[in-house]
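Source file: run-v5.cif; contents: mmCIF, C-alpha atoms.
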```
data_query
loop_
_atom_site.label_atom_id
_atom_site.label_comp_id
_atom_site.auth_asym_id
_atom_site.auth_seq_id
_atom_site.Cartn_x
_atom_site.Cartn_y
_atom_site.Cartn_z
CA MET A 1 6.56 -13.60 17.55
CA ASN A 2 6.94 -11.79 20.87
CA ARG A 3 4.82 -8.82 21.84
CA GLU A 4 5.87 -5.33 22.80
CA GLY A 5 3.90 -2.56 24.47
CA ALA A 6 0.71 -3.25 26.39
CA ALA A 7 0.02 -6.84 27.38
CA ALA A 8 -2.31 -8.76 25.13
CA GLY A 9 -4.51 -10.02 27.99
CA GLY A 10 -8.11 -9.05 28.64
CA PRO A 11 -11.22 -9.61 26.54
CA GLY A 12 -10.74 -10.57 22.91
CA LEU A 13 -11.53 -8.24 20.06
CA ARG A 14 -14.99 -9.65 19.48
CA THR A 15 -15.95 -9.27 23.15
CA ARG A 16 -14.60 -5.73 23.11
CA ARG A 17 -16.52 -4.88 19.96
CA ALA A 18 -19.71 -6.38 21.33
CA ALA A 19 -19.42 -4.06 24.34
CA LEU A 20 -19.01 -1.11 21.95
CA ARG A 21 -22.01 -2.02 19.81
CA VAL A 22 -24.04 1.04 18.87
CA LYS A 23 -27.73 1.65 18.34
CA GLU A 24 -29.04 2.93 15.05
CA THR A 25 -31.01 5.97 16.20
CA THR A 26 -28.69 7.81 18.58
CA MET A 27 -26.08 10.52 17.95
CA TYR A 28 -22.94 9.43 19.78
CA ARG A 29 -19.92 11.59 20.56
CA THR A 30 -16.21 10.95 20.71
CA ASN A 31 -13.08 13.01 20.29
CA THR A 32 -11.77 11.41 17.09
CA ILE A 33 -13.17 8.96 14.54
CA VAL A 34 -10.68 6.88 12.57
CA VAL A 35 -12.17 5.42 9.38
CA GLY A 36 -10.48 2.10 8.55
CA GLY A 37 -9.15 -0.78 10.66
CA GLY A 38 -6.05 -1.80 8.72
CA GLN A 39 -2.44 -0.98 9.51
CA ALA A 40 -3.02 2.78 9.18
CA GLY A 41 -6.12 2.86 11.36
CA LEU A 42 -4.55 0.70 14.07
CA ALA A 43 -1.33 2.74 14.10
CA MET A 44 -3.44 5.89 14.44
CA SER A 45 -5.44 4.32 17.26
CA ARG A 46 -2.32 3.37 19.23
CA SER A 47 -0.82 6.84 18.69
CA LEU A 48 -3.98 8.53 19.95
CA LEU A 49 -4.17 6.19 22.93
CA ASP A 50 -0.54 6.95 23.84
CA ARG A 51 -1.53 10.64 24.07
CA GLY A 52 -4.66 9.97 26.10
CA LEU A 53 -6.99 11.03 23.29
CA GLY A 54 -10.39 9.37 23.14
CA HIS A 55 -11.37 7.86 19.79
CA LEU A 56 -13.05 5.04 17.90
CA VAL A 57 -11.98 3.08 14.83
CA LEU A 58 -14.77 2.25 12.38
CA GLU A 59 -14.11 -0.74 10.11
CA ARG A 60 -16.67 -1.90 7.55
CA GLY A 61 -15.34 -5.47 7.65
CA ARG A 62 -12.85 -6.97 10.08
CA VAL A 63 -9.42 -5.86 11.23
CA ALA A 64 -7.06 -6.35 8.25
CA GLU A 65 -10.07 -7.01 6.00
CA ARG A 66 -8.27 -6.37 2.73
CA TRP A 67 -5.60 -8.93 3.64
CA ARG A 68 -8.37 -11.43 4.31
CA SER A 69 -10.55 -10.91 1.26
CA GLU A 70 -8.63 -8.92 -1.38
CA ARG A 71 -5.16 -10.51 -1.61
CA TRP A 72 -3.96 -13.51 -3.59
CA ASP A 73 -2.97 -16.75 -1.83
CA SER A 74 0.80 -16.64 -2.37
CA LEU A 75 1.28 -12.95 -1.58
CA ARG A 76 4.07 -11.98 0.80
CA LEU A 77 5.20 -8.59 2.03
CA LEU A 78 7.96 -6.92 0.03
CA THR A 79 9.64 -5.83 3.27
CA PRO A 80 11.52 -8.32 5.52
CA ARG A 81 9.87 -9.37 8.76
CA TRP A 82 12.21 -7.23 10.86
CA GLN A 83 10.74 -4.24 9.06
CA SER A 84 7.27 -4.99 10.42
CA ARG A 85 7.10 -2.19 12.96
CA LEU A 86 4.13 -0.26 14.31
CA PRO A 87 3.87 2.05 17.34
CA GLY A 88 4.61 -0.12 20.40
CA TRP A 89 4.78 -3.35 18.39
CA SER A 90 7.24 -5.19 16.18
CA TYR A 91 8.27 -8.61 14.91
CA ARG A 92 10.50 -10.57 17.29
CA GLY A 93 10.38 -14.05 15.77
CA SER A 94 13.11 -16.39 14.57
CA ASP A 95 13.19 -15.40 10.89
CA PRO A 96 13.64 -11.61 10.71
CA ALA A 97 15.09 -11.74 7.19
CA GLY A 98 12.11 -13.63 5.73
CA PHE A 99 8.86 -12.20 4.38
CA MET A 100 5.45 -12.37 6.03
CA THR A 101 2.77 -14.39 4.30
CA ARG A 102 -0.77 -13.12 3.92
CA GLY A 103 -1.85 -15.15 6.96
CA GLU A 104 1.01 -13.84 9.05
CA VAL A 105 0.08 -10.25 8.26
CA ILE A 106 -3.51 -10.88 9.39
CA ASP A 107 -2.26 -12.47 12.64
CA PHE A 108 0.23 -9.63 13.16
CA LEU A 109 -2.44 -6.93 12.85
CA GLU A 110 -4.99 -8.83 14.95
CA SER A 111 -2.40 -9.36 17.71
CA TYR A 112 -1.50 -5.69 17.51
CA ALA A 113 -5.13 -4.64 17.96
CA ARG A 114 -5.48 -6.95 20.97
CA SER A 115 -2.25 -5.69 22.53
CA PHE A 116 -3.76 -2.30 23.39
CA ARG A 117 -7.44 -3.22 23.22
CA ALA A 118 -7.99 -1.05 20.17
CA PRO A 119 -11.50 0.48 20.25
CA VAL A 120 -12.50 -1.00 16.90
CA LEU A 121 -16.10 -1.30 15.79
CA GLU A 122 -16.18 -4.01 13.12
CA GLY A 123 -18.91 -4.31 10.53
CA VAL A 124 -19.64 -0.57 10.54
CA ALA A 125 -19.84 1.07 7.13
CA VAL A 126 -19.36 4.83 6.94
CA HIS A 127 -21.93 6.39 4.61
CA GLY A 128 -21.10 10.06 5.05
CA VAL A 129 -18.80 12.54 6.72
CA THR A 130 -20.03 16.14 6.83
CA ARG A 131 -19.33 19.22 8.91
CA HIS A 132 -21.52 19.44 12.00
CA PRO A 133 -23.36 22.78 12.37
CA SER A 134 -22.02 23.14 15.92
CA GLY A 135 -18.45 22.32 15.00
CA GLY A 136 -16.48 19.21 14.22
CA PHE A 137 -17.95 16.49 12.04
CA ARG A 138 -21.00 14.28 11.70
CA VAL A 139 -20.11 10.70 10.75
CA GLU A 140 -23.08 8.75 9.39
CA THR A 141 -22.86 4.95 9.50
CA ASP A 142 -25.19 2.00 9.04
CA ARG A 143 -25.06 1.52 12.83
CA GLY A 144 -25.81 5.05 14.01
CA ASP A 145 -24.31 8.51 13.72
CA TRP A 146 -21.37 10.04 15.52
CA ARG A 147 -20.17 13.54 16.23
CA ALA A 148 -16.41 14.03 16.52
CA GLU A 149 -13.98 16.92 16.71
CA ASN A 150 -11.59 15.11 14.37
CA VAL A 151 -11.81 12.53 11.61
CA VAL A 152 -8.86 10.56 10.25
CA VAL A 153 -9.40 8.88 6.87
CA ALA A 154 -7.27 5.72 7.12
CA THR A 155 -8.76 3.64 4.31
CA GLY A 156 -5.35 3.22 2.67
CA HIS A 157 -3.70 3.67 -0.72
CA CYS A 158 -4.70 0.36 -2.34
CA GLU A 159 -8.46 0.77 -2.21
CA HIS A 160 -10.14 0.18 -5.58
CA PRO A 161 -8.32 -1.47 -8.51
CA PHE A 162 -8.08 0.84 -11.49
CA VAL A 163 -9.35 -0.49 -14.82
CA PRO A 164 -9.00 1.75 -17.92
CA ASP A 165 -12.11 2.80 -19.82
CA PHE A 166 -11.12 0.85 -22.94
CA ALA A 167 -11.62 -2.41 -21.01
CA THR A 168 -15.29 -2.20 -22.04
CA SER A 169 -14.18 -2.75 -25.66
CA LEU A 170 -12.72 -6.19 -25.00
CA PRO A 171 -14.63 -9.19 -26.38
CA ALA A 172 -17.30 -10.61 -24.08
CA ASP A 173 -15.66 -14.05 -24.05
CA VAL A 174 -12.43 -12.69 -22.57
CA GLU A 175 -12.46 -12.85 -18.78
CA GLN A 176 -11.28 -9.71 -17.00
CA VAL A 177 -9.76 -10.00 -13.52
CA VAL A 178 -8.46 -7.44 -11.03
CA PRO A 179 -5.86 -8.33 -8.36
CA THR A 180 -8.36 -8.02 -5.49
CA ARG A 181 -10.41 -10.85 -7.04
CA TYR A 182 -7.48 -13.05 -8.07
CA ARG A 183 -6.51 -15.88 -5.71
CA ASN A 184 -4.45 -18.38 -7.73
CA PRO A 185 -4.05 -19.57 -11.34
CA SER A 186 -6.56 -22.41 -10.96
CA GLN A 187 -9.46 -19.94 -11.10
CA LEU A 188 -8.44 -18.71 -14.57
CA ALA A 189 -9.73 -20.12 -17.83
CA ALA A 190 -7.43 -22.41 -19.76
CA GLY A 191 -5.42 -20.49 -22.32
CA GLY A 192 -3.20 -17.44 -22.47
CA VAL A 193 -3.22 -14.47 -20.10
CA LEU A 194 -2.44 -10.82 -20.77
CA VAL A 195 -1.19 -9.08 -17.63
CA VAL A 196 -1.44 -5.30 -17.91
CA GLY A 197 1.04 -3.52 -15.63
CA ALA A 198 4.57 -4.41 -14.55
CA SER A 199 4.97 -3.18 -11.00
CA ALA A 200 5.10 -5.54 -8.01
CA THR A 201 1.66 -7.06 -8.57
CA GLY A 202 2.03 -7.43 -12.34
CA VAL A 203 5.42 -9.14 -12.36
CA GLN A 204 4.55 -11.45 -9.46
CA LEU A 205 1.30 -12.62 -11.01
CA ALA A 206 2.83 -12.92 -14.48
CA ALA A 207 5.49 -15.27 -13.09
CA GLU A 208 3.01 -17.30 -11.03
CA ILE A 209 0.51 -17.69 -13.86
CA HIS A 210 3.21 -18.61 -16.39
CA ARG A 211 4.51 -21.35 -14.08
CA SER A 212 0.98 -22.80 -14.02
CA GLY A 213 1.37 -23.63 -17.72
CA ARG A 214 -0.55 -20.69 -19.16
CA PRO A 215 1.33 -18.57 -21.71
CA VAL A 216 1.61 -14.98 -20.46
CA THR A 217 2.13 -11.65 -22.17
CA ILE A 218 2.83 -8.64 -19.96
CA ALA A 219 2.12 -5.07 -21.09
CA VAL A 220 4.81 -2.92 -19.48
CA GLY A 221 4.38 0.69 -18.42
CA GLY A 222 6.50 2.80 -16.09
CA HIS A 223 8.07 0.76 -13.30
CA THR A 224 10.68 0.89 -10.55
CA ARG A 225 13.15 -1.96 -10.83
CA LEU A 226 15.07 -3.16 -7.74
CA PRO A 227 17.29 -6.15 -6.95
CA ARG A 228 16.25 -8.22 -3.95
CA THR A 229 19.76 -7.98 -2.51
CA TYR A 230 22.77 -5.76 -3.11
CA ARG A 231 26.29 -6.22 -1.80
CA GLY A 232 25.19 -8.95 0.58
CA ARG A 233 22.20 -7.18 2.14
CA ASP A 234 18.49 -6.92 1.37
CA ILE A 235 17.71 -3.84 -0.71
CA MET A 236 15.15 -2.75 1.90
CA GLU A 237 17.89 -2.68 4.52
CA TRP A 238 19.91 -0.34 2.31
CA LEU A 239 16.92 1.94 1.69
CA ASP A 240 16.38 2.05 5.45
CA THR A 241 20.05 2.51 6.41
CA VAL A 242 20.84 5.16 3.80
CA GLY A 243 17.79 7.13 4.93
CA ILE A 244 15.87 6.98 1.67
CA TRP A 245 12.72 5.64 3.29
CA ASP A 246 12.75 8.51 5.79
CA GLU A 247 12.90 11.28 3.19
CA ARG A 248 10.05 13.69 3.87
CA TYR A 249 7.41 15.13 1.58
CA ASP A 250 8.75 18.65 2.13
CA GLN A 251 12.30 17.65 1.10
CA VAL A 252 11.63 16.56 -2.49
CA ARG A 253 11.45 18.81 -5.53
CA ASP A 254 8.18 17.45 -6.96
CA ILE A 255 6.04 15.69 -4.36
CA ALA A 256 3.18 15.11 -6.83
CA ALA A 257 5.50 13.17 -9.15
CA ALA A 258 7.00 11.26 -6.22
CA ARG A 259 3.53 10.18 -5.11
CA ARG A 260 2.75 8.90 -8.61
CA GLN A 261 5.73 6.54 -8.65
CA PRO A 262 4.67 2.92 -9.29
CA SER A 263 5.19 0.25 -6.66
CA LEU A 264 8.50 -1.59 -6.60
CA GLN A 265 9.23 -4.34 -9.12
CA LEU A 266 10.12 -6.83 -6.41
CA ILE A 267 9.04 -10.04 -4.69
CA GLY A 268 9.35 -11.40 -1.17
CA SER A 269 10.22 -15.11 -1.24
CA ASP A 270 12.05 -17.75 0.80
CA ASP A 271 14.91 -17.87 -1.70
CA HIS A 272 15.32 -14.05 -1.71
CA ARG A 273 15.35 -14.00 -5.50
CA SER A 274 15.04 -10.92 -7.65
CA LEU A 275 12.14 -10.60 -10.05
CA ASP A 276 12.28 -8.21 -12.99
CA LEU A 277 11.52 -8.16 -16.71
CA GLY A 278 14.72 -10.04 -17.45
CA SER A 279 13.59 -12.83 -15.10
CA LEU A 280 10.22 -12.96 -16.81
CA GLN A 281 11.85 -13.16 -20.25
CA ALA A 282 13.97 -16.06 -19.04
CA LEU A 283 10.81 -17.87 -17.95
CA GLY A 284 9.26 -17.37 -21.38
CA VAL A 285 6.90 -14.48 -20.62
CA ARG A 286 6.43 -12.22 -23.65
CA LEU A 287 7.08 -8.52 -23.04
CA ALA A 288 5.07 -5.79 -24.74
CA GLY A 289 4.61 -2.04 -24.44
CA ARG A 290 2.04 -0.13 -22.47
CA ALA A 291 -1.62 -0.96 -23.19
CA VAL A 292 -3.35 2.12 -24.62
CA GLY A 293 -6.62 0.92 -26.17
CA ALA A 294 -8.74 -1.93 -27.48
CA ALA A 295 -10.78 -2.49 -30.63
CA ARG A 296 -11.98 -5.39 -32.77
CA GLY A 297 -10.57 -8.07 -30.49
CA ARG A 298 -7.13 -6.50 -30.23
CA VAL A 299 -5.38 -4.67 -27.41
CA GLU A 300 -3.42 -1.73 -28.78
CA LEU A 301 0.08 -1.20 -27.39
CA ALA A 302 2.41 1.80 -27.27
CA ASP A 303 5.79 1.59 -28.97
CA ASP A 304 7.57 2.49 -25.72
CA LEU A 305 8.92 -0.76 -24.26
CA PRO A 306 12.64 0.01 -24.84
CA GLU A 307 12.25 3.49 -23.36
CA SER A 308 10.37 2.22 -20.28
CA VAL A 309 12.96 -0.46 -19.63
CA ALA A 310 15.91 1.90 -20.17
CA ALA A 311 14.41 4.50 -17.81
CA ALA A 312 14.01 1.89 -15.07
CA ASP A 313 17.58 0.67 -15.64
CA ASP A 314 18.88 4.25 -15.34
CA ARG A 315 16.98 4.87 -12.10
CA LEU A 316 18.34 1.63 -10.67
CA ALA A 317 21.91 2.59 -11.59
CA ARG A 318 21.52 5.95 -9.83
CA LEU A 319 20.16 4.27 -6.72
CA LEU A 320 23.02 1.78 -6.55
CA ASP A 321 25.50 4.64 -7.02
CA ARG A 322 23.91 6.41 -4.07
CA ILE A 323 24.18 3.28 -1.92
CA ASP A 324 27.82 2.82 -2.94
CA ALA A 325 28.56 6.44 -2.01
CA PHE A 326 27.01 5.87 1.41
CA ILE A 327 29.09 2.72 1.88
CA ARG A 328 32.29 4.57 1.01
CA GLY A 329 31.39 7.49 3.24
CA THR A 330 30.77 5.27 6.25
CA GLY A 331 33.91 3.16 5.82
CA LEU A 332 32.07 -0.08 5.05
CA ASP A 333 33.65 -0.68 1.64
CA ASP A 334 36.24 -3.22 2.79
CA ARG A 335 33.73 -5.21 4.81
CA LEU A 336 31.24 -5.82 2.01
CA PRO A 337 31.28 -7.58 -1.35
CA ALA A 338 32.50 -5.43 -4.24
CA PRO A 339 30.09 -3.02 -5.96
CA GLU A 340 27.88 -4.59 -8.58
CA THR A 341 26.92 -3.16 -11.94
CA ALA A 342 23.27 -3.89 -12.56
CA ARG A 343 22.81 -5.69 -15.86
CA ARG A 344 20.70 -3.78 -18.33
CA ILE A 345 17.65 -5.60 -19.62
CA GLU A 346 17.63 -6.10 -23.37
CA VAL A 347 14.29 -6.20 -25.12
CA GLY A 348 13.65 -6.91 -28.76
CA ARG A 349 10.95 -5.57 -31.04
CA ALA A 350 7.65 -5.53 -29.24
CA PRO A 351 4.26 -5.93 -30.94
CA LEU A 352 2.08 -2.86 -31.42
CA SER A 353 -1.06 -4.85 -30.68
CA VAL A 354 -2.14 -8.22 -29.35
CA ASP A 355 -4.76 -10.23 -31.20
CA LEU A 356 -6.51 -11.87 -28.25
CA ALA A 357 -8.17 -14.67 -30.19
CA GLY A 358 -5.13 -15.26 -32.41
CA SER A 359 -2.88 -15.47 -29.34
CA ARG A 360 -5.45 -17.67 -27.58
CA ILE A 361 -5.64 -15.20 -24.71
CA ARG A 362 -8.67 -15.95 -22.58
CA THR A 363 -7.95 -13.68 -19.60
CA VAL A 364 -6.83 -10.09 -19.11
CA LEU A 365 -5.54 -9.28 -15.63
CA TRP A 366 -5.50 -5.56 -14.81
CA ALA A 367 -2.48 -4.87 -12.57
CA THR A 368 -2.84 -1.17 -13.32
CA GLY A 369 -2.77 0.31 -9.84
CA TYR A 370 -5.44 1.61 -7.51
CA ARG A 371 -7.71 4.58 -7.07
CA ARG A 372 -9.46 5.95 -4.00
CA ASN A 373 -13.21 6.52 -3.75
CA TYR A 374 -14.27 9.18 -1.30
CA ASP A 375 -17.86 9.66 -2.39
CA TRP A 376 -18.83 9.42 1.29
CA LEU A 377 -16.50 12.31 2.24
CA ARG A 378 -18.77 15.31 1.78
CA VAL A 379 -16.29 17.93 2.94
CA PRO A 380 -14.59 20.28 0.42
CA VAL A 381 -11.13 18.66 0.37
CA LEU A 382 -11.18 16.68 -2.90
CA ASP A 383 -9.29 17.72 -6.01
CA ALA A 384 -10.42 17.34 -9.64
CA ARG A 385 -9.26 13.70 -9.65
CA GLY A 386 -11.22 12.88 -6.51
CA GLU A 387 -8.12 12.63 -4.32
CA ILE A 388 -7.83 14.28 -0.90
CA ARG A 389 -5.84 17.51 -0.96
CA HIS A 390 -3.51 17.57 2.01
CA GLU A 391 -0.19 18.80 3.32
CA GLY A 392 1.50 15.81 4.92
CA GLY A 393 -1.87 14.31 5.85
CA VAL A 394 -3.34 17.56 7.20
CA THR A 395 -6.21 18.93 5.11
CA ALA A 396 -7.33 22.55 4.84
CA VAL A 397 -10.43 21.71 6.90
CA PRO A 398 -9.44 21.85 10.58
CA GLY A 399 -9.76 18.44 12.23
CA LEU A 400 -9.81 16.38 9.02
CA TYR A 401 -6.77 14.19 8.32
CA VAL A 402 -5.73 11.40 5.97
CA LEU A 403 -3.27 8.58 6.67
CA GLY A 404 -1.75 5.61 4.80
CA LEU A 405 -1.37 7.12 1.32
CA GLN A 406 1.78 6.80 -0.75
CA PHE A 407 4.50 9.26 0.34
CA LEU A 408 2.08 11.01 2.70
CA ARG A 409 4.85 12.36 4.93
CA ARG A 410 7.73 9.99 4.16
CA ARG A 411 8.70 7.70 1.29
CA LYS A 412 7.70 4.73 3.44
CA SER A 413 4.27 6.13 4.38
CA SER A 414 2.24 3.35 2.77
CA LEU A 415 4.41 0.55 4.18
CA LEU A 416 3.77 -1.40 7.36
CA ASP A 417 7.08 0.02 8.59
CA GLY A 418 6.25 3.62 7.75
CA VAL A 419 2.66 4.36 8.67
CA GLY A 420 3.45 4.50 12.39
CA SER A 421 5.74 7.52 12.11
CA ASP A 422 3.08 9.39 10.15
CA ALA A 423 0.41 8.39 12.67
CA GLY A 424 2.53 9.80 15.48
CA ASP A 425 2.94 13.10 13.67
CA LEU A 426 -0.79 13.42 13.03
CA ALA A 427 -1.61 12.46 16.63
CA ASP A 428 0.71 15.24 17.78
CA HIS A 429 -1.16 17.65 15.49
CA ILE A 430 -4.52 16.56 16.92
CA GLU A 431 -3.20 16.90 20.47
CA ARG A 432 -2.01 20.45 19.81
CA ARG A 433 -5.29 21.32 18.15
CA LEU A 434 -7.27 20.15 21.17
CA ALA A 435 -5.05 21.85 23.74
CA PRO A 436 -6.48 24.92 25.52
CA PRO A 437 -5.51 28.21 23.75
CA LEU A 438 -3.17 29.34 26.52
CA LEU A 439 -1.38 26.00 26.48
CA ARG A 440 -1.07 26.14 22.68
CA ALA A 441 0.44 29.62 22.88
CA ALA A 442 2.98 28.44 25.44
#
```
What does this structure look like when you write it as structure tokens?
Amino acid sequence: MNREGAAAGGPGLRTRRAALRVKETTMYRTNTIVVGGGQAGLAMSRSLLDRGLGHLVLERGRVAERWRSERWDSLRLLTPRWQSRLPGWSYRGSDPAGFMTRGEVIDFLESYARSFRAPVLEGVAVHGVTRHPSGGFRVETDRGDWRAENVVVATGHCEHPFVPDFATSLPADVEQVVPTRYRNPSQLAAGGVLVVGASATGVQLAAEIHRSGRPVTIAVGGHTRLPRTYRGRDIMEWLDTVGIWDERYDQVRDIAAARRQPSLQLIGSDDHRSLDLGSLQALGVRLAGRAVGAARGRVELADDLPESVAAADDRLARLLDRIDAFIRGTGLDDRLPAPETARRIEVGRAPLSVDLAGSRIRTVLWATGYRRNYDWLRVPVLDARGEIRHEGGVTAVPGLYVLGLQFLRRRKSSLLDGVGSDAGDLADHIERRLAPPLLRAA
């Protein structure tokens, strides 16, 4: 992996952070505080640095902490390595078509932080962000307080695993696991596993656990099915080339619905295989409808499996039609394999409930998505669901921004390849905000 942008020389991150260590009793000042030291926070830091804007990044753990402590062992990125691009930094290794492992992602982000000496304070937990009486914001941490003109919330989209309320009704002897605590099948109890959720995490873990010898049932809700490759190219390359990933939040009819779309039903692997419900059926995984409740040792299921599968098949067909139209319009038709008709997935009658004891299911794995927790953000920008209200990452409170959420400004906003463009836009907004009035008017 070669490095772009600033040279990676100079003191290491830990030396740098030691020099930036703060005292607990002093109010410090900086232009901008970035909360979070993952891909979003680092992209924001580099974008601010490129514009000469002073700032600090506060990270409660270490750089790329969630990749270190909240991801399973076999996880790989869904995007090819060539699509690992951040401001001033990109992959330049020998396997651009492959998929980064968990360890590679950690190394990539650490190297990126070193490349521009990112001003990251590790091990600093933010306890509160409030408006400062004299303007800007007060940021309270366990290592002292800061005053800043701007705050960027870059804690990411995949923050806290969501578990439905009815999980409390499951029997006490059934182990419940969330993806951030799952590492590999060996940690699970012997016996069957019910995986709830069929997006990227659900289908990947269902396949992995089934191959370990444990029978698996997967409860399927709404999902976005994709093939790994289409007409000789990776599907991510098509989404990038056609311009789908670059579609903006102000170009879609219903941005709220677009932001609720589930993650892609896909896997990154050395053999570039597709993974969908048909693949799981072929392995022997049992498909069921959406989980809607639990009582008396049973998980209740909706009678919606055929509809969910058919809807995903229809969306896939429309996407492939769009790619084919692009291919025809750019004169590539004769140079590529013929168009492919995606096979529709056939599902039989699904059960309306699962008897956990009768099916010898000892574990329920909740692959039901994530929620954000902003209880430390004491500024009036949260909606009724506790999410930050924003327009492309810009909140109604001047100087407060959010970065790294799904479809923040572009369809690819939450991807390693997309957060950099959003960070640049927000850095431009901060720069304009801080410019003298006469300069802003010009």
Item to check | Output of the PyMOL selection byres ((chain A and resi 184-192) around 9), listed as a PyMOL selection string | outcome: chain A and resi 72-74+175+177+182-183+193-194+205+208-210+212-217+356+359-364
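With only C-alpha atoms taken into account, every residue lying no more than 9 Å from the file point (-4.9, -0.3, -26.7) is included here: A:Phe166, A:Arg290, A:Ala291, A:Val292, A:Gly293, A:Ala294, A:Ala295, A:Arg298, A:Val299, A:Glu300, A:Leu301, A:Ala302, A:Leu352, A:Ser353, A:Val354.
Take the PyMOL selection byres ((chain A and resi 34) around 6) and apply it to this file: it picks Ile33, Val35, Val57, Val151 and Val152 of chain A.
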Next on the checklist: If the PyMOL selection byres ((chain A and resi 388) around 12) were run on this exact file, what residues would it hold? Put them as a PyMOL selection string.
Outcome noted: chain A and resi 152-157+371-375+377-387+389-397+400-403+405+408
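Closest approach to Leu320 in chain A among A:Arg410, A:Arg225, A:Arg432, A:Arg253 is made by A:Arg225 (distances from all atoms listed in the file).
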Test item: residues at most 8 Å from Leu53 in chain A, all atoms listed in the file, excluding those fewer than 2 positions along its chain, as a compact mmCIF listing (two decimals) with C-alpha atoms, keeping the file's coordinate frame:
```
# COMPACT_ATOMS: atom_id res chain seq x y z
CA ASN A 31 -13.08 13.01 20.29
CA THR A 32 -11.77 11.41 17.09
CA LEU A 48 -3.98 8.53 19.95
CA LEU A 49 -4.17 6.19 22.93
CA ASP A 50 -0.54 6.95 23.84
CA ARG A 51 -1.53 10.64 24.07
CA HIS A 55 -11.37 7.86 19.79
CA GLU A 431 -3.20 16.90 20.47
```
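Put simply, CA of Gly418 in chain A is 9.1 Å away from CA of Gln83 in chain A.
The smallest atom-to-atom distance between Arg273 in chain A and any of A:Arg233, A:Arg228, A:Arg296, A:Arg248, using all atoms listed in the file, is found for A:Arg228.
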Item to check | Long-range neighbours of Tyr370 in chain A as a PyMOL selection string, 7 Å cut-off, only C-alpha atoms, 6 positions minimum in chain | outcome: chain A and resi 158-162
Next on the checklist: Show me, as a VMD selection string, the residues that have an atom within 12 Å of Ser274 in chain A when counting only C-alpha atoms, minus same-chain residues fewer than 5 positions from it.
Outcome noted: chain A and resid 78 200 203 to 204 207 225 to 230 234 to 235 264 to 269 279 to 280 342
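Residue nearest Pro96 in chain A, chosen from A:Ala118, A:Val139, A:Glu237, A:Asp324 and counting all atoms listed in the file: A:Glu237.
Using all atoms listed in the file for every distance, the candidate list A:Leu336, A:Val252, A:Ala310, A:Leu434 yields A:Val252 as the residue closest to Phe407 in chain A.
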Item to check | Residue neighbourhood Thr201 in chain A, 8 Å, only C-alpha atoms, exclusion window fewer than 4 positions, as an MDAnalysis selection string | outcome: chainID A and resid 179 197 205 367
